[in-house]
Amino acid sequence: MNLLASAATGLLALAMLQTATAAAPADTMAQRMKACVACHGQEGRATNQGYFPRIAGKPAGYLYNQLRNFRDGKRQNAVMAYLVDQMSDDYLREIADHFAGLDLPYPPPQTTGAPAATIARGEQLVRQGDAARGIPACSSCHGASMTGVSPAMPGLLGLPRDYLLAQFGAWRSGVRRAAEPDCMGEIARRLSPEDLNAMATWLSAQPVQHAVAKADSLPRPLPMQCGSGLR
Amino acid sequence: MKALKVLGGAIALLVAASALVAWLNVRGEGPIDETLPAGAPSAELVQRGAYLARVGNCAACHTARGGDAFAGGKAIATPFGSVFASNLTPDAETGIGRWSADHFWRAMHHGRSRDGRLLYPAFPYPDYTQITREDSDALYAFLRSQPPVRRPNQPHDLRFPYSSQASLAVWRALFFSPGSFEPQPARSAEWNRGAYLVRGLGHCQACHAPRNAFGATRDSLELSGGLIPMRNWYAPSLASAAEAGVQDWTGDDVVRLLKDGTSARGTAMGPMAEVVAGSTRHMSEPDLRAMATFLRELPQHASASIDDSPAVPADVMELGARIYKARCAECHGERGEGGGAASPPLAGHRTVTLPSAANLVKVIVHGGFPATTPGNPRPYGMPPFGQSLGDPEIAAVASFVRRSWGNDAPGVSTFDVSRIR
């Protein structure tokens with residue numbers, strides 16, 4: 001009888017516990033990162049409308065560098081700086097690992113119906129660069145499929161055109177910086193506004209096959225000295 | 001002849017007033033020994049200074065984002081223009097390399113620089129004036145042990161007349177007098193230590209007190225809450241149970257809030273999360289306990305009474321309810337009951353029902369994370385809704401949570417939101 005009573009009490013306690021914690025959120029990174037998906041889309045996949053970049057599946061080293069750069073003033077975005085301002089390096093690393101580990105399909109490309117000449121110019125610059133002006137092909141660092149290279153080279157596809165243009169502009173003006181030698185800043189300053197427009201247009205018009213993962217390494221050494229691309 | 005007399009009288013009065021202001025600005029100052037320390041200070045003194053620099057959160061202003069430690073350059077926005085924090089590294093040309101311990105003491109205690117210039121009270125010397133000479137000397141030893149950084153101080157960008165030393169002298173004559181901490185023998189040693197930390201280096205009053213039109217804190221009601229100028233966060237009253245008073249908290253909960261950034265009774269967000277990250281999480285348990293003792297025994301005052309504002313229109317409440325259901329209920333619960341450590345209850349939450357809606361609006365617009373601390377290493381975050389909701393929608397949802405589930409605070413207008421955000 002006693003046993004029965006205590007079992008009943010136990011069940012009741014369990015039921016009460018479940019009621020009390022019904023709203024308790026999961027003890028997961030996904031729950032902790034609700035603040036990020038408000039802009040970067042469900043699970044960091046981002047909408048391809050507007051400005052916000054996709055963060056899901058980007059290399060962890062790249063995401064970690066960016067989080068630190070927002071915190072330490074090498075990238076300027078008031079919303080991002082405010083969110084990461086009091087975070088430890090350890091937590092930023094865990095956040096980067098969380099989003100890097102997400103493997104989600106890409107939405108269809110944002111840019112459609114761009115002028116053929118712009119598309120052609122963009123593709124040429126992305127795939128071949130312009131040796132005469134010291135501009136390497138994007139693919140020589142960001143991977144043949146342009147979906148990024150571990151540990152810290154970001155993919156360039158599946159990003160909104162506005163975001164790409166804003167980054168090129170920020171690199172050129174020094175508002176966005178990376179560890180020295182700052183290869184992207186150097187390259188962005190060698191490109192003309194017309195080049196940048198063509199590249200952003202082409203990059204944002206490419207569909208991404210879900211199966212195309214980021215590469216683990218590059219077949220050849222980097223064409224330029226880069227402070228943060230491989231860290 | 002009469003006009004001349006009046007003129008003469010006026011001039012005499014002006015001279016007398018100027019002399020009074022000048023005297024008030026240097027009263028109590030002793031002679032300055034300009035000798036620089038001959039040898040290196042003891043490691044113990046430097047370590048003590050490092051700790052005190054955390055208590056005073058010197059780096060919060062004197063280290064720019066991503067800049068060299070204590071090399072200054074950060075702009076402190078004030079209603080009168082921007083004040084730029086100075087270089088505190090021991091560089092001889094641009095820092096405090098040529099400052100003696102007496103110079104440093106004069107800055108901390110009297111608010112005057114090495115060259116005699118009056119310092120702007122964005123540097124909280126109205127609070128720091130209470131610290132002891134020993135603590136000032138330890139801070140001095142610590143700062144001089146830092147690597148020197150050559151970074152010339154940036155001139156302040158203040159509007160006239162605030163930019164002139166004369167007007168600053170008048171301000172100081174009216175609102176500043178050097179003081180020292182007077183222990184109260186009737187109180188415990190712990191209370192006295194707490195009072196010394198809260199009133200002095202902790203400079204809690206710099207945010208948690210109302211300011212007058214000239215930017216001076218009014219200290220007649222200690223820590224009775226105030227809107228932080230330019231940032232539009234409201235530093236709630238620590239003297240009111242309806243705001244952020246901790247009189248009915250346990251000492252442990254106060255210590256946890258300051259040490260971990262979160263406790264069973266509440267979580268520090270916004271500017272207070274900065275204070276936790278830069279200062280209080282580094283403080284010793286006995287010092288935090290002393291602050292808790294002082295704060296728990298702080299005399300209570302009634303909060304500013306909430307005026308009878310007109311009821312929120314039904315359609316605004318309906319809009320607020322719809323937004324709440326779509327955006328907030330998943331974490332904070334259908335009835336504002338909250339969800340464990342991640343999402344505080346909104347029913348009966350003091351931040352929600354404060355007379356000032358500033359912090360509620362700030363949290364909805366900017367979201368945010370509590371500080372990352374050893375006691376709370378992986379905090380949950382509140383999403384920022386400033387990107388996806390317009391001011392009228394934020395006003396509606398803020399009004400809804402302020403007037404639902406037993407909450408009875410005035411609604412928030414679209415104008416309030418655009419002013420605060």
# chains A, B, ... in the order shown; residues from 1 in each chain; ligands from 1
>>> select_by_dssp(residues="stretch 208-351 of chain B", states="strand (DSSP E)", output="ChimeraX atom specification")
/B:226-227,234-235,262-263,266-267
>>> residues_around(residues="stretch 268-282 of chain B", least_positions_apart="3", cutoff="8 Å", atoms="only C-alpha atoms", output="list in words")
Gln86 of chain A; Tyr51, Arg54, Val55, Gly56, Asn57, Ala59, Ala60, Trp233, Leu257, Leu258, Lys259, Asp260, Gly261, Thr262, Leu288, Val363, Gly368, Phe369, Pro370, Ala371, Thr372 and Thr373 of chain B
>>> closest_residue(among="A:Met80, A:Ala26, A:Leu67, A:Leu104", to="A:Cys39", atoms="only C-alpha atoms")
A:Met80
>>> interface_residues(of="chain A", to="chain B", cutoff="12 Å", atoms="only C-alpha atoms", output="MDAnalysis selection string")
chainID A and resid 19:41 50:52 68:76 78:95 177
>>> write_last_selection(atoms="N, CA and C atoms", output="short mmCIF file (atom, residue, chain, number, x, y, z; two decimals), in the first residue's frame")
data_model
loop_
_atom_site.label_atom_id
_atom_site.label_comp_id
_atom_site.auth_asym_id
_atom_site.auth_seq_id
_atom_site.Cartn_x
_atom_site.Cartn_y
_atom_site.Cartn_z
N THR A 19 3.93 20.03 -15.92
CA THR A 19 3.12 21.23 -16.12
C THR A 19 3.97 22.48 -15.91
N ALA A 20 4.75 22.43 -14.80
CA ALA A 20 5.54 23.61 -14.45
C ALA A 20 6.58 23.92 -15.52
N THR A 21 7.12 22.89 -16.16
CA THR A 21 8.19 23.14 -17.11
C THR A 21 7.71 23.04 -18.55
N ALA A 22 6.39 23.07 -18.74
CA ALA A 22 5.87 22.90 -20.09
C ALA A 22 6.47 23.93 -21.05
N ALA A 23 6.63 25.15 -20.54
CA ALA A 23 7.12 26.20 -21.42
C ALA A 23 8.64 26.28 -21.43
N ALA A 24 9.30 25.46 -20.58
CA ALA A 24 10.76 25.56 -20.50
C ALA A 24 11.38 25.22 -21.84
N PRO A 25 12.24 26.09 -22.34
CA PRO A 25 12.83 25.85 -23.66
C PRO A 25 13.91 24.79 -23.60
N ALA A 26 14.20 24.24 -24.75
CA ALA A 26 15.21 23.20 -24.82
C ALA A 26 16.58 23.78 -24.46
N ASP A 27 17.40 22.93 -23.83
CA ASP A 27 18.75 23.34 -23.46
C ASP A 27 19.68 23.07 -24.65
N THR A 28 19.42 23.80 -25.74
CA THR A 28 20.17 23.55 -26.98
C THR A 28 20.76 24.85 -27.51
N MET A 29 21.72 24.73 -28.41
CA MET A 29 22.27 25.92 -29.06
C MET A 29 21.21 26.57 -29.93
N ALA A 30 20.36 25.75 -30.59
CA ALA A 30 19.33 26.33 -31.45
C ALA A 30 18.45 27.27 -30.64
N GLN A 31 18.09 26.87 -29.41
CA GLN A 31 17.25 27.71 -28.57
C GLN A 31 18.02 28.97 -28.15
N ARG A 32 19.30 28.80 -27.84
CA ARG A 32 20.11 29.95 -27.42
C ARG A 32 20.28 30.96 -28.55
N MET A 33 20.26 30.47 -29.80
CA MET A 33 20.57 31.32 -30.94
C MET A 33 19.33 31.91 -31.62
N LYS A 34 18.20 31.91 -30.90
CA LYS A 34 16.98 32.52 -31.45
C LYS A 34 17.25 33.96 -31.89
N ALA A 35 18.15 34.63 -31.17
CA ALA A 35 18.43 36.03 -31.49
C ALA A 35 19.03 36.17 -32.88
N CYS A 36 19.75 35.14 -33.35
CA CYS A 36 20.43 35.24 -34.64
C CYS A 36 19.46 35.01 -35.79
N VAL A 37 18.56 34.03 -35.59
CA VAL A 37 17.69 33.66 -36.71
C VAL A 37 16.61 34.71 -36.97
N ALA A 38 16.46 35.67 -36.04
CA ALA A 38 15.50 36.75 -36.29
C ALA A 38 15.83 37.47 -37.59
N CYS A 39 17.12 37.62 -37.88
CA CYS A 39 17.51 38.27 -39.13
C CYS A 39 18.08 37.27 -40.14
N HIS A 40 18.87 36.32 -39.64
CA HIS A 40 19.56 35.42 -40.57
C HIS A 40 18.67 34.26 -41.01
N GLY A 41 17.41 34.30 -40.63
CA GLY A 41 16.47 33.30 -41.12
C GLY A 41 16.43 32.07 -40.25
N GLY A 50 16.54 40.91 -49.62
CA GLY A 50 17.14 41.93 -48.78
C GLY A 50 18.61 41.70 -48.50
N TYR A 51 19.00 42.00 -47.28
CA TYR A 51 20.40 42.22 -47.00
C TYR A 51 21.09 41.09 -46.26
N PHE A 52 20.35 40.38 -45.41
CA PHE A 52 21.02 39.53 -44.42
C PHE A 52 21.69 38.31 -45.04
N ARG A 68 34.19 37.80 -33.85
CA ARG A 68 35.21 38.57 -33.12
C ARG A 68 35.39 39.95 -33.73
N ASN A 69 35.36 40.01 -35.07
CA ASN A 69 35.56 41.30 -35.72
C ASN A 69 34.44 42.29 -35.40
N PHE A 70 33.20 41.79 -35.31
CA PHE A 70 32.11 42.67 -34.90
C PHE A 70 32.35 43.16 -33.47
N ARG A 71 32.75 42.24 -32.60
CA ARG A 71 32.97 42.61 -31.20
C ARG A 71 34.12 43.60 -31.07
N ASP A 72 35.17 43.40 -31.88
CA ASP A 72 36.39 44.19 -31.70
C ASP A 72 36.52 45.35 -32.68
N GLY A 73 35.44 45.65 -33.41
CA GLY A 73 35.43 46.87 -34.24
C GLY A 73 36.06 46.76 -35.61
N LYS A 74 36.34 45.52 -36.09
CA LYS A 74 36.88 45.39 -37.44
C LYS A 74 35.78 45.27 -38.48
N ARG A 75 34.57 44.99 -38.03
CA ARG A 75 33.39 45.09 -38.89
C ARG A 75 32.40 45.98 -38.16
N GLN A 76 31.64 46.75 -38.95
CA GLN A 76 30.74 47.73 -38.34
C GLN A 76 29.29 47.36 -38.61
N ALA A 78 25.89 47.89 -35.98
CA ALA A 78 25.51 48.19 -34.59
C ALA A 78 24.74 47.03 -33.96
N VAL A 79 23.87 46.39 -34.75
CA VAL A 79 23.06 45.30 -34.21
C VAL A 79 23.95 44.13 -33.81
N MET A 80 24.87 43.77 -34.71
CA MET A 80 25.77 42.66 -34.41
C MET A 80 26.69 42.98 -33.24
N ALA A 81 27.25 44.19 -33.25
CA ALA A 81 28.19 44.56 -32.18
C ALA A 81 27.50 44.49 -30.83
N TYR A 82 26.25 44.95 -30.77
CA TYR A 82 25.52 44.95 -29.51
C TYR A 82 25.29 43.53 -29.02
N LEU A 83 24.97 42.62 -29.95
CA LEU A 83 24.64 41.26 -29.53
C LEU A 83 25.87 40.50 -29.02
N VAL A 84 27.04 40.75 -29.61
CA VAL A 84 28.21 39.94 -29.23
C VAL A 84 29.14 40.67 -28.27
N ASP A 85 28.74 41.88 -27.86
CA ASP A 85 29.65 42.76 -27.12
C ASP A 85 30.25 42.11 -25.87
N GLN A 86 29.45 41.38 -25.11
CA GLN A 86 29.95 40.82 -23.84
C GLN A 86 30.17 39.32 -23.91
N MET A 87 30.50 38.83 -25.11
CA MET A 87 30.66 37.37 -25.24
C MET A 87 32.13 36.97 -25.18
N SER A 88 32.35 35.82 -24.55
CA SER A 88 33.71 35.27 -24.46
C SER A 88 34.10 34.65 -25.79
N ASP A 89 35.40 34.53 -26.02
CA ASP A 89 35.89 33.85 -27.22
C ASP A 89 35.34 32.42 -27.28
N ASP A 90 35.27 31.76 -26.13
CA ASP A 90 34.78 30.38 -26.11
C ASP A 90 33.35 30.28 -26.64
N TYR A 91 32.53 31.21 -26.20
CA TYR A 91 31.13 31.16 -26.63
C TYR A 91 31.01 31.51 -28.12
N LEU A 92 31.80 32.49 -28.57
CA LEU A 92 31.78 32.85 -29.99
C LEU A 92 32.20 31.64 -30.83
N ARG A 93 33.18 30.89 -30.34
CA ARG A 93 33.63 29.69 -31.06
C ARG A 93 32.49 28.67 -31.13
N GLU A 94 31.78 28.50 -30.03
CA GLU A 94 30.68 27.53 -30.01
C GLU A 94 29.55 27.96 -30.96
N ILE A 95 29.29 29.27 -30.99
CA ILE A 95 28.25 29.78 -31.90
C ILE A 95 28.66 29.52 -33.34
N ARG A 177 37.56 45.14 -42.05
CA ARG A 177 38.97 44.77 -42.07
C ARG A 177 39.11 43.34 -41.60
#
>>> closest_residue(among="A:Ala215, A:Met224, A:Ala166, A:Val149", to="A:Glu180", atoms="only C-alpha atoms")
A:Met224
